[in-house]
>>> print(open('start.csv').read())   # CSV, C-alpha atoms and all ligand atoms
chain,number,residue,atom,x,y,z
V,1,MET,CA,131.8,78.5,101.9
V,2,ALA,CA,128.0,79.1,102.0
V,3,ARG,CA,127.0,82.6,101.1
V,4,ILE,CA,127.3,84.9,104.1
V,5,PRO,CA,124.0,86.8,104.7
V,6,LEU,CA,123.9,90.6,105.0
V,7,GLU,CA,124.5,91.6,108.6
V,8,ASP,CA,121.5,93.9,108.9
V,9,ASN,CA,118.0,93.8,107.4
V,10,TYR,CA,116.0,97.0,106.8
V,11,THR,CA,114.5,96.9,110.2
V,12,ASP,CA,117.9,96.7,111.9
V,13,ILE,CA,119.0,99.7,109.8
V,14,ILE,CA,116.0,101.8,110.8
V,15,ALA,CA,116.6,100.9,114.4
V,16,LYS,CA,120.4,101.8,114.1
V,17,ALA,CA,119.6,105.2,112.6
V,18,GLN,CA,117.0,105.9,115.2
V,19,ARG,CA,119.3,105.0,118.1
V,20,GLY,CA,122.2,107.0,116.6
V,21,MET,CA,120.1,110.0,116.0
V,22,LYS,CA,118.1,109.6,119.2
V,23,ILE,CA,114.7,109.6,117.5
V,24,SER,CA,111.9,107.6,119.1
V,25,ASP,CA,109.1,105.9,117.1
V,26,ALA,CA,106.8,108.7,118.2
V,27,ASP,CA,109.2,111.4,117.0
V,28,LEU,CA,109.8,109.6,113.8
V,29,ALA,CA,106.1,109.2,113.1
V,30,LYS,CA,105.5,112.8,113.7
V,31,ARG,CA,108.4,114.0,111.5
V,32,ALA,CA,107.5,111.6,108.7
V,33,GLU,CA,103.8,112.5,109.0
V,34,VAL,CA,102.6,108.9,109.4
V,35,ASP,CA,100.8,107.1,112.3
V,36,VAL,CA,102.9,105.5,115.0
V,37,ALA,CA,101.2,102.3,114.2
V,38,ALA,CA,102.5,102.5,110.7
V,39,VAL,CA,106.1,103.0,111.9
V,40,GLU,CA,105.6,100.0,114.3
V,41,ALA,CA,104.3,97.8,111.6
V,42,LEU,CA,107.2,98.7,109.3
V,43,LYS,CA,109.7,97.9,112.0
V,44,ALA,CA,107.8,94.6,112.6
V,45,GLY,CA,108.5,93.6,109.0
V,46,GLN,CA,105.4,94.8,107.2
V,47,VAL,CA,106.7,96.7,104.3
V,48,THR,CA,104.6,99.6,102.9
V,49,ASP,CA,106.8,101.4,100.4
V,50,ALA,CA,105.2,104.8,101.0
V,51,VAL,CA,105.8,104.6,104.7
V,52,LEU,CA,109.3,103.2,104.3
V,53,ARG,CA,110.3,106.0,102.0
V,54,ARG,CA,109.0,108.7,104.3
V,55,VAL,CA,110.7,107.1,107.3
V,56,ALA,CA,114.0,106.8,105.3
V,57,ARG,CA,114.1,110.5,104.4
V,58,HIS,CA,113.7,111.5,108.1
V,59,LEU,CA,116.5,109.2,109.2
V,60,ARG,CA,118.8,110.4,106.4
V,61,LEU,CA,118.7,107.0,104.7
V,62,GLY,CA,118.5,106.5,101.0
V,63,PRO,CA,114.9,105.6,100.2
V,64,ASP,CA,115.7,103.5,97.1
V,65,ALA,CA,118.5,101.6,98.8
V,66,LEU,CA,116.3,100.9,101.9
V,67,GLU,CA,113.4,99.8,99.7
V,68,ASN,CA,115.7,97.5,97.7
V,69,LEU,CA,116.8,95.9,101.0
V,70,ALA,CA,113.3,95.5,102.3
V,71,HIS,CA,112.4,93.6,99.1
V,72,GLY,CA,115.6,91.5,99.1
V,73,ARG,CA,116.9,93.1,96.0
V,74,TYR,CA,120.5,93.8,97.1
V,75,TYR,CA,123.4,91.4,97.7
V,76,PRO,CA,126.9,92.4,96.9
V,77,GLU,CA,128.5,90.1,94.3
V,78,VAL,CA,132.2,90.5,94.7
V,79,ARG,CA,134.9,88.8,92.8
V,80,VAL,CA,137.3,86.9,95.0
V,81,PHE,CA,141.0,87.4,95.2
V,82,PRO,CA,142.8,84.7,93.2
V,83,HIS,CA,145.4,84.3,95.9
V,84,GLY,CA,146.7,85.9,99.1
V,85,PHE,CA,143.4,86.4,100.8
V,86,ALA,CA,141.1,84.3,102.9
V,87,ILE,CA,137.9,85.0,105.0
V,88,PHE,CA,136.9,83.0,108.0
V,89,ASN,CA,133.3,83.2,109.2
V,90,THR,CA,132.9,81.8,112.6
V,91,ALA,CA,130.0,81.5,115.1
V,92,TYR,CA,130.1,83.6,118.2
V,93,GLU,CA,127.1,83.2,120.5
V,94,ASP,CA,124.0,83.8,118.3
V,95,MET,CA,125.9,85.7,115.6
V,96,ARG,CA,128.7,85.2,113.1
V,97,VAL,CA,131.9,87.2,112.9
V,98,ASN,CA,134.6,87.5,110.2
V,99,SER,CA,138.4,87.3,110.5
V,100,TYR,CA,140.9,87.5,107.6
V,101,LEU,CA,144.3,86.3,106.6
V,102,VAL,CA,146.3,88.1,103.9
V,103,TRP,CA,149.6,87.0,102.5
V,104,ASP,CA,152.3,87.6,100.0
V,105,ALA,CA,152.3,84.5,97.8
V,106,ARG,CA,156.0,84.9,96.9
V,107,THR,CA,157.6,85.4,100.3
V,108,LYS,CA,154.8,83.6,102.3
V,109,GLN,CA,154.8,86.5,104.7
V,110,ALA,CA,151.3,86.9,106.2
V,111,ALA,CA,149.2,89.0,108.5
V,112,ALA,CA,146.0,88.1,110.4
V,113,PHE,CA,143.2,90.6,110.9
V,114,ASP,CA,141.1,89.7,114.0
V,115,THR,CA,140.7,86.2,115.2
V,116,GLY,CA,137.0,85.5,115.1
V,117,ALA,CA,135.5,83.2,117.6
V,118,ASP,CA,137.7,80.3,116.5
V,119,CYS,CA,141.0,80.6,114.7
V,120,GLY,CA,141.2,76.9,113.9
V,121,GLY,CA,140.5,77.4,110.2
V,122,MET,CA,143.1,80.1,110.0
V,123,LEU,CA,145.7,78.0,111.6
V,124,ASP,CA,145.0,75.1,109.2
V,125,LEU,CA,145.5,77.4,106.2
V,126,ILE,CA,148.7,78.9,107.7
V,127,SER,CA,150.1,75.5,108.0
V,128,SER,CA,148.9,74.1,104.6
V,129,GLU,CA,150.2,77.3,102.8
V,130,LYS,CA,153.3,77.3,105.0
V,131,LEU,CA,152.8,81.0,105.9
V,132,ARG,CA,154.7,83.0,108.4
V,133,VAL,CA,152.4,85.3,110.2
V,134,GLN,CA,154.3,88.3,111.4
V,135,SER,CA,151.4,90.4,112.8
V,136,ILE,CA,148.0,90.1,114.1
V,137,PHE,CA,146.1,93.3,113.6
V,138,LEU,CA,142.9,94.1,115.5
V,139,THR,CA,140.2,96.2,114.0
V,140,HIS,CA,138.9,96.8,117.5
V,141,THR,CA,138.8,94.9,120.7
V,142,HIS,CA,135.1,93.8,121.0
V,143,ASP,CA,135.0,90.2,122.3
V,144,ASP,CA,133.7,88.6,119.1
V,145,HIS,CA,136.6,89.9,117.1
V,146,ILE,CA,139.4,88.8,119.5
V,147,ALA,CA,137.9,85.8,121.1
V,148,ASP,CA,140.7,83.4,120.1
V,149,LEU,CA,143.6,85.9,120.4
V,150,LYS,CA,145.6,83.9,122.9
V,151,ARG,CA,145.5,80.8,120.8
V,152,LEU,CA,146.4,82.6,117.5
V,153,ALA,CA,149.2,84.6,119.1
V,154,GLU,CA,150.7,81.6,120.8
V,155,ALA,CA,150.5,79.4,117.7
V,156,THR,CA,152.0,82.1,115.3
V,157,LYS,CA,154.3,84.0,117.8
V,158,ALA,CA,153.2,87.1,115.8
V,159,ASP,CA,153.1,90.6,117.3
V,160,VAL,CA,149.6,91.8,118.3
V,161,TRP,CA,148.8,95.3,117.2
V,162,ALA,CA,145.8,97.5,118.0
V,163,SER,CA,145.1,101.3,117.9
V,164,GLU,CA,146.7,103.4,120.6
V,165,ARG,CA,143.1,104.6,121.2
V,166,GLU,CA,142.0,101.0,122.1
V,167,PRO,CA,145.0,98.9,123.1
V,168,ALA,CA,144.6,95.1,123.3
V,169,ASP,CA,144.6,93.6,126.7
V,170,TYR,CA,147.3,91.0,125.9
V,171,PRO,CA,150.8,90.7,127.2
V,172,GLY,CA,153.3,92.5,124.9
V,173,ALA,CA,150.6,93.9,122.6
V,174,ARG,CA,151.7,96.9,120.6
V,175,THR,CA,149.9,100.0,119.5
V,176,PHE,CA,149.9,102.0,116.3
V,177,ARG,CA,148.7,105.5,115.4
V,178,GLU,CA,146.6,106.6,112.5
V,179,ASN,CA,148.4,106.5,109.1
V,180,ALA,CA,151.0,104.0,110.3
V,181,HIS,CA,152.6,101.9,107.6
V,182,PHE,CA,153.5,98.2,107.7
V,183,HIS,CA,155.0,96.0,105.1
V,184,PHE,CA,155.0,92.2,104.6
V,185,GLY,CA,156.5,90.9,101.4
V,186,GLU,CA,155.1,93.0,98.5
V,187,LEU,CA,152.1,94.1,100.5
V,188,ALA,CA,151.7,97.4,102.3
V,189,VAL,CA,149.2,98.2,105.0
V,190,LYS,CA,148.1,101.6,106.1
V,191,THR,CA,146.0,102.3,109.2
V,192,LEU,CA,143.0,104.6,108.9
V,193,SER,CA,141.2,105.6,112.1
V,194,THR,CA,137.5,104.9,111.4
V,195,TRP,CA,136.3,105.1,115.0
V,196,GLY,CA,132.8,105.5,116.3
V,197,HIS,CA,131.5,102.0,116.9
V,198,SER,CA,134.5,101.7,119.2
V,199,PRO,CA,137.0,104.3,120.3
V,200,GLY,CA,140.0,103.0,118.3
V,201,GLN,CA,138.4,101.1,115.5
V,202,THR,CA,140.7,100.9,112.6
V,203,THR,CA,140.5,100.2,108.9
V,204,PHE,CA,143.5,98.5,107.3
V,205,TYR,CA,144.1,99.6,103.8
V,206,ILE,CA,146.2,97.0,101.9
V,207,THR,CA,147.8,97.3,98.5
V,208,GLY,CA,149.8,94.8,96.6
V,209,LEU,CA,147.1,92.2,96.0
V,210,SER,CA,145.2,92.0,92.7
V,211,TYR,CA,142.8,94.7,94.0
V,212,PRO,CA,143.0,97.3,96.8
V,213,LEU,CA,141.6,95.8,100.0
V,214,ALA,CA,140.3,97.5,103.1
V,215,ILE,CA,139.6,95.5,106.2
V,216,VAL,CA,137.1,97.7,107.9
V,217,GLY,CA,136.0,95.8,111.1
V,218,ASP,CA,132.6,97.1,112.2
V,219,SER,CA,133.0,100.6,110.7
V,220,LEU,CA,130.8,99.6,107.8
V,221,PHE,CA,128.9,96.5,106.6
V,222,ALA,CA,127.6,95.7,103.2
V,223,ALA,CA,124.4,97.7,103.1
V,224,SER,CA,124.8,99.0,106.7
V,225,MET,CA,127.3,100.3,109.2
V,226,GLY,CA,128.5,99.6,112.7
V,227,GLY,CA,126.1,100.9,115.3
V,228,SER,CA,126.8,103.4,118.0
V,229,ALA,CA,124.4,105.0,120.4
V,230,THR,CA,127.0,107.6,121.4
V,231,HIS,CA,129.2,108.2,118.4
V,232,TYR,CA,127.0,107.6,115.4
V,233,ALA,CA,127.8,110.9,113.7
V,234,ASP,CA,131.6,110.2,114.1
V,235,GLN,CA,131.3,106.7,112.7
V,236,TYR,CA,129.3,108.1,109.8
V,237,LYS,CA,131.8,110.8,109.0
V,238,ASN,CA,134.8,108.5,109.2
V,239,ASP,CA,133.1,106.1,106.9
V,240,VAL,CA,132.4,108.8,104.4
V,241,ASP,CA,135.7,110.6,104.7
V,242,LYS,CA,138.1,107.6,104.9
V,243,ILE,CA,136.5,104.4,103.6
V,244,LEU,CA,134.2,105.7,100.8
V,245,LYS,CA,137.0,107.9,99.4
V,246,LEU,CA,139.3,104.9,98.8
V,247,PRO,CA,139.5,103.8,95.1
V,248,ARG,CA,136.2,102.6,93.8
V,249,ASP,CA,137.3,99.0,93.2
V,250,THR,CA,138.6,98.6,96.8
V,251,VAL,CA,137.2,95.4,98.2
V,252,LEU,CA,135.7,96.0,101.7
V,253,ALA,CA,136.2,93.1,104.1
V,254,CYS,CA,133.8,93.7,107.0
V,255,GLY,CA,133.7,92.4,110.5
V,256,HIS,CA,130.2,90.8,109.8
V,257,GLY,CA,128.4,89.9,106.6
V,258,PRO,CA,129.7,89.5,103.1
V,259,LEU,CA,132.5,91.2,101.2
V,260,THR,CA,131.6,94.3,99.3
V,261,THR,CA,133.3,97.2,97.4
V,262,VAL,CA,133.4,101.0,97.7
V,263,SER,CA,131.5,101.4,94.5
V,264,LEU,CA,128.7,98.9,95.5
V,265,GLU,CA,128.3,100.6,98.8
V,266,LYS,CA,128.2,104.1,97.3
V,267,ARG,CA,125.3,102.9,95.2
V,268,ASN,CA,123.4,100.5,97.5
V,269,ASN,CA,124.1,101.3,101.2
V,270,PRO,CA,121.1,103.2,102.6
V,271,PHE,CA,123.3,105.1,105.0
V,272,PHE,CA,125.4,106.5,102.2
V,273,THR,CA,123.0,107.0,99.3
V,274,THR,CA,120.9,109.9,100.8
W,1,FE,FE,131.5,93.0,115.9
>>> encode(input="start.csv", output="structure tokens")
Amino acid sequence: MARIPLEDNYTDIIAKAQRGMKISDADLAKRAEVDVAAVEALKAGQVTDAVLRRVARHLRLGPDALENLAHGRYYPEVRVFPHGFAIFNTAYEDMRVNSYLVWDARTKQAAAFDTGADCGGMLDLISSEKLRVQSIFLTHTHDDHIADLKRLAEATKADVWASEREPADYPGARTFRENAHFHFGELAVKTLSTWGHSPGQTTFYITGLSYPLAIVGDSLFAASMGGSATHYADQYKNDVDKILKLPRDTVLACGHGPLTTVSLEKRNNPFFTT
């Protein structure tokens, strides 16, 4: 598969932080002691490191990490699971969204995480690997993540699961609480409530593959995080308390953008390197 670009560039990150913290361009310029025109130029793509670093500090973003992104110096290079894991990156309107399939190679028991815009690739793999999908877990119920739910659920006859804080609108769908445990084959799944971007957004922490794996939905992206105009602080806190405290080598499988790891994000994500 072609390399998946980062979900957000540095201008998206500045805008997300401003929206979450409710800081206008004028406020930001004042706090950072730069001209509004300089802030506008930065947000239009003209990088001046001195302005960028001042702006970063006043948005509680890591200046080094933001500067690295602005100059294209960060992309997470993550080793791939040798087996039992697949990512599907599908087009939804003008963006792309990820969905995942995880399975136990010995028993062929599998679980799907979101459906993406089109579950065709996932269905092909299920059939070529002869997998039995028992559960479809939803990170959250925004349209791009569940667009092909009916087709996937009908084809696999799997149970559909979502957080009790954000139930799926699908006949027979089931709900879980935080810290629920599921097992398929040798694999174990634990639900972590990492809400903010949406009310019931969930991270699925999976052990039993060659590395720990967390399917984080839109809680966190490589070098960014899920936006929220209303619950930015909650999303931030949940990411720090629940995702970034997972073991350092945990692979983070995000709803958009490339795979990353806890350790890479602790060092390179502007939101978490302040
Ligand atoms: Fe999304």
>>> closest_atom_pairs(input="start.csv", of="chain V", to="ligand FE 1 (chain W)", cutoff="6 Å", atoms="all atoms listed in the file", output="CSV")
residue,atom,partner,partner_atom,distance
V:Asp144,CA,W:FE1,FE,5.9
V:Asp218,CA,W:FE1,FE,5.6
V:Gly255,CA,W:FE1,FE,5.9
>>> residues_around(input="start.csv", residues="V:Gly185", least_positions_apart="6", cutoff="7 Å", atoms="all atoms listed in the file", output="PyMOL selection string")
chain V and resi 104+107+109
>>> atom_distance(input="start.csv", atom1="atom CA of V:Leu149", atom2="atom CA of V:Ser193")
21.5 Å
>>> closest_residue(input="start.csv", among="V:Ala105, V:Ala223, V:Ala168, V:Ala214", to="V:Glu186", atoms="only C-alpha atoms")
V:Ala105
>>> residues_around(input="start.csv", residues="V:Ala41", least_positions_apart="5", cutoff="12 Å", atoms="only C-alpha atoms", output="JSON, numbers by chain")
{"V": [11, 25, 29, 34, 35, 36, 46, 47, 48, 51, 52]}
>>> write_last_selection(input="start.csv", atoms="C-alpha atoms", output="CSV table (one decimal), keeping the file's coordinate frame")
chain,number,residue,atom,x,y,z
V,11,THR,CA,114.5,96.9,110.2
V,25,ASP,CA,109.1,105.9,117.1
V,29,ALA,CA,106.1,109.2,113.1
V,34,VAL,CA,102.6,108.9,109.4
V,35,ASP,CA,100.8,107.1,112.3
V,36,VAL,CA,102.9,105.5,115.0
V,46,GLN,CA,105.4,94.8,107.2
V,47,VAL,CA,106.7,96.7,104.3
V,48,THR,CA,104.6,99.6,102.9
V,51,VAL,CA,105.8,104.6,104.7
V,52,LEU,CA,109.3,103.2,104.3
>>> residues_around(input="start.csv", residues="stretch 136-138 of chain V", least_positions_apart="5", cutoff="9 Å", atoms="only C-alpha atoms", output="VMD selection string")
chain V and resid 111 to 115 145 to 146 149 152 to 153 158 to 163 168 201 to 202 204 217
>>> closest_residue(input="start.csv", among="V:Ala86, V:Thr175, V:Pro167, V:Asn98", to="V:Ile126", atoms="all atoms listed in the file")
V:Ala86
>>> residues_near_point(input="start.csv", point="(136.6, 104.2, 105.0)", cutoff="9 Å", atoms="only C-alpha atoms", output="count of residues only")
20
>>> residues_around(input="start.csv", residues="V:Pro76", least_positions_apart="6", cutoff="9 Å", atoms="all atoms listed in the file", output="PyMOL selection string")
chain V and resi 6+222-223+258-261+264-265+268
>>> residues_around(input="start.csv", residues="V:Ala180", least_positions_apart="6", cutoff="9 Å", atoms="all atoms listed in the file", output="list in words")
Val189, Lys190, Thr191 and Leu192 of chain V
>>> residues_near_point(input="start.csv", point="(113.0, 111.3, 109.9)", cutoff="9 Å", atoms="all atoms listed in the file", output="PyMOL selection string")
chain V and resi 18+23+27-32+54-61
>>> atom_distance(input="start.csv", atom1="atom CA of V:Arg19", atom2="atom CA of V:Lys237")
16.5 Å
>>> atom_distance(input="start.csv", atom1="atom CA of V:Ala233", atom2="atom CA of V:Gly200")
15.2 Å
>>> closest_residue(input="start.csv", among="V:Tyr170, V:Phe85, V:Phe272, V:Phe176", to="V:Pro63", atoms="only C-alpha atoms")
V:Phe272
>>> closest_residue(input="start.csv", among="V:Arg267, V:Ser135, V:His142, V:Ile206", to="V:Ala173", atoms="only C-alpha atoms")
V:Ser135
